[in-house]
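Note: the block below is query_26.txt and it holds compact mmCIF, N, CA and C atoms and all ligand atoms.
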# COMPACT_ATOMS: atom_id res chain seq x y z
N MET A 133 130.51 94.77 100.71
CA MET A 133 129.73 94.04 101.72
C MET A 133 128.42 94.77 101.98
N MET A 134 127.38 94.02 102.11
CA MET A 134 126.07 94.61 102.32
C MET A 134 125.89 95.02 103.78
N ASN A 135 125.41 96.21 103.96
CA ASN A 135 125.11 96.68 105.31
C ASN A 135 123.59 96.73 105.49
N GLU A 136 123.07 95.90 106.35
CA GLU A 136 121.61 95.78 106.53
C GLU A 136 121.00 97.07 107.07
N ALA A 137 121.80 97.85 107.78
CA ALA A 137 121.27 99.07 108.40
C ALA A 137 121.21 100.23 107.42
N GLU A 138 121.86 100.07 106.29
CA GLU A 138 121.87 101.14 105.29
C GLU A 138 120.48 101.31 104.69
N PRO A 139 119.90 102.50 104.78
CA PRO A 139 118.56 102.68 104.18
C PRO A 139 118.63 102.62 102.66
N LEU A 140 117.63 102.04 102.07
CA LEU A 140 117.57 101.98 100.63
C LEU A 140 117.31 103.38 100.07
N PRO A 141 117.81 103.64 98.87
CA PRO A 141 117.57 104.95 98.24
C PRO A 141 116.08 105.21 98.04
N CYS A 142 115.29 104.14 98.05
CA CYS A 142 113.86 104.26 97.78
C CYS A 142 113.04 104.16 99.06
N ALA A 143 113.69 104.27 100.22
CA ALA A 143 113.01 104.05 101.50
C ALA A 143 111.81 104.96 101.71
N ASP A 144 111.83 106.15 101.11
CA ASP A 144 110.74 107.10 101.33
C ASP A 144 109.67 107.02 100.24
N LYS A 145 109.80 106.07 99.34
CA LYS A 145 108.84 105.96 98.24
C LYS A 145 107.70 105.00 98.60
N LEU A 146 106.58 105.16 97.90
CA LEU A 146 105.52 104.18 98.00
C LEU A 146 106.04 102.88 97.39
N VAL A 147 105.67 101.78 98.00
CA VAL A 147 106.14 100.51 97.49
C VAL A 147 104.96 99.56 97.26
N PHE A 148 105.04 98.80 96.19
CA PHE A 148 103.98 97.87 95.81
C PHE A 148 104.58 96.50 95.54
N ASP A 149 103.82 95.49 95.92
CA ASP A 149 104.29 94.12 95.73
C ASP A 149 104.23 93.68 94.27
N THR A 150 103.25 94.23 93.56
CA THR A 150 103.09 93.81 92.16
C THR A 150 102.96 95.02 91.25
N ALA A 151 103.32 94.82 90.00
CA ALA A 151 103.20 95.89 89.01
C ALA A 151 101.74 96.25 88.80
N LYS A 152 100.89 95.25 88.91
CA LYS A 152 99.45 95.46 88.72
C LYS A 152 98.89 96.42 89.76
N GLU A 153 99.29 96.19 91.00
CA GLU A 153 98.86 97.04 92.11
C GLU A 153 99.36 98.47 91.91
N ALA A 154 100.62 98.59 91.53
CA ALA A 154 101.22 99.90 91.30
C ALA A 154 100.52 100.62 90.15
N GLN A 155 100.23 99.86 89.10
CA GLN A 155 99.58 100.44 87.93
C GLN A 155 98.18 100.95 88.27
N ALA A 156 97.49 100.23 89.14
CA ALA A 156 96.15 100.63 89.56
C ALA A 156 96.19 101.98 90.28
N VAL A 157 97.18 102.16 91.11
CA VAL A 157 97.34 103.42 91.84
C VAL A 157 97.77 104.54 90.89
N ALA A 158 98.63 104.21 89.96
CA ALA A 158 99.08 105.19 88.96
C ALA A 158 97.91 105.69 88.13
N THR A 159 97.08 104.76 87.71
CA THR A 159 95.91 105.10 86.90
C THR A 159 94.94 105.96 87.69
N SER A 160 94.70 105.57 88.94
CA SER A 160 93.82 106.31 89.83
C SER A 160 94.32 107.72 90.07
N SER A 161 95.63 107.85 90.26
CA SER A 161 96.24 109.14 90.50
C SER A 161 96.14 110.04 89.28
N GLU A 162 96.33 109.43 88.12
CA GLU A 162 96.24 110.19 86.88
C GLU A 162 94.82 110.73 86.69
N TYR A 163 93.86 109.89 87.02
CA TYR A 163 92.46 110.25 86.89
C TYR A 163 92.10 111.38 87.85
N ARG A 164 92.56 111.27 89.09
CA ARG A 164 92.20 112.25 90.11
C ARG A 164 92.98 113.54 90.02
N TYR A 165 94.27 113.43 89.79
CA TYR A 165 95.14 114.61 89.88
C TYR A 165 95.72 115.03 88.54
N GLY A 166 95.51 114.22 87.54
CA GLY A 166 96.05 114.58 86.23
C GLY A 166 97.55 114.45 86.14
N SER A 167 98.12 113.71 87.09
CA SER A 167 99.57 113.53 87.08
C SER A 167 99.93 112.14 86.57
N LYS A 168 100.66 112.10 85.51
CA LYS A 168 101.08 110.82 84.94
C LYS A 168 102.18 110.22 85.79
N LEU A 169 102.01 108.95 86.09
CA LEU A 169 103.03 108.26 86.87
C LEU A 169 103.46 106.99 86.14
N LYS A 170 104.71 106.70 86.27
CA LYS A 170 105.28 105.52 85.62
C LYS A 170 105.56 104.45 86.66
N VAL A 171 105.17 103.23 86.35
CA VAL A 171 105.47 102.10 87.22
C VAL A 171 106.82 101.53 86.83
N TYR A 172 107.65 101.30 87.80
CA TYR A 172 108.93 100.65 87.49
C TYR A 172 109.33 99.69 88.59
N LYS A 173 110.08 98.69 88.21
CA LYS A 173 110.59 97.72 89.18
C LYS A 173 111.91 98.24 89.72
N CYS A 174 111.97 98.28 91.03
CA CYS A 174 113.13 98.87 91.69
C CYS A 174 114.31 97.90 91.72
N ARG A 175 115.47 98.43 91.39
CA ARG A 175 116.65 97.56 91.40
C ARG A 175 117.24 97.41 92.80
N TYR A 176 116.75 98.22 93.73
CA TYR A 176 117.26 98.13 95.10
C TYR A 176 116.46 97.17 95.95
N CYS A 177 115.12 97.28 95.89
CA CYS A 177 114.30 96.44 96.76
C CYS A 177 113.54 95.36 95.98
N SER A 178 113.63 95.39 94.65
CA SER A 178 112.98 94.39 93.79
C SER A 178 111.45 94.44 93.86
N LEU A 179 110.93 95.54 94.39
CA LEU A 179 109.49 95.75 94.39
C LEU A 179 109.19 96.91 93.44
N TYR A 180 107.95 97.37 93.43
CA TYR A 180 107.55 98.36 92.44
C TYR A 180 107.28 99.71 93.07
N HIS A 181 107.68 100.75 92.34
CA HIS A 181 107.43 102.12 92.77
C HIS A 181 106.79 102.89 91.62
N LEU A 182 106.33 104.09 91.97
CA LEU A 182 105.82 105.00 90.96
C LEU A 182 106.79 106.16 90.82
N SER A 183 106.96 106.60 89.59
CA SER A 183 107.82 107.75 89.34
C SER A 183 107.13 108.73 88.43
N SER A 184 107.29 110.02 88.73
CA SER A 184 106.75 111.04 87.84
C SER A 184 107.84 111.51 86.87
N ASN A 185 109.02 110.94 87.03
CA ASN A 185 110.14 111.29 86.17
C ASN A 185 110.24 110.27 85.02
N PHE A 186 109.93 110.73 83.82
CA PHE A 186 109.91 109.83 82.68
C PHE A 186 111.25 109.77 81.95
N ASP A 187 112.21 110.47 82.50
CA ASP A 187 113.50 110.53 81.81
C ASP A 187 114.45 109.42 82.24
N ASP A 188 114.14 108.78 83.35
CA ASP A 188 115.10 107.79 83.83
C ASP A 188 114.78 106.38 83.39
ZN ZN B 1 112.78 100.20 95.93
Spit out the file's structure as structure tokens when you get a sec.
Amino acid sequence: MMNEAEPLPCADKLVFDTAKEAQAVATSSEYRYGSKLKVYKCRYCSLYHLSSNFDD
């Protein structure tokens, strides 16, 4: 049974409505900080996050 009060595992992550928006931030971050970020669609909230972990 779903518990609405249960925080999502991704609650502390940046969240984006579209992959395009997430990708724009990822690209900007890579340019500014040299950190590669991966855009992925979250299976918990069905929105998009950035991850620096390329192994998952
Ligand atoms: Zn999420």
Next on the checklist: Around ligand ZN 1 (chain B), which protein and nucleic acid residues have at least one atom no more than 8 Å from it, if we count only N, CA and C atoms and all ligand atoms? List them as a PyMOL selection string.
Outcome noted: chain A and resi 140-148+173-181
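Distance-wise, atom CA of A:Lys168 and atom C of A:Pro139 end up 26.3 Å apart.
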Item to check | Distance in Å - atom CA of A:Gln155 versus atom CA of A:Ala137 | outcome: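 Rounded to one decimal, the two atoms are 29.9 Å apart.
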Item to check | Backbone-only DSSP, strand (DSSP E) members of chain A, as JSON, numbers by chain | outcome: {"A": [170, 171, 172, 173, 180, 181, 182, 183]}
Next on the checklist: One number please: atom C of A:Lys170 to atom C of A:Asn185, in Å, one decimal.
Outcome noted: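 Interatomic distance here is 7.6 Å.
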Item to check | Close residues, A:Thr159 itself excluded, 12 Å, only C-alpha atoms, min 6 positions apart in chain, as a PyMOL selection string | outcome: chain A and resi 151-153+165-171+182
Checklist entry - If you run DSSP on this backbone, which residues of chain A come out as alpha helix (DSSP H), and could you give them as a count of residues only? => result 15
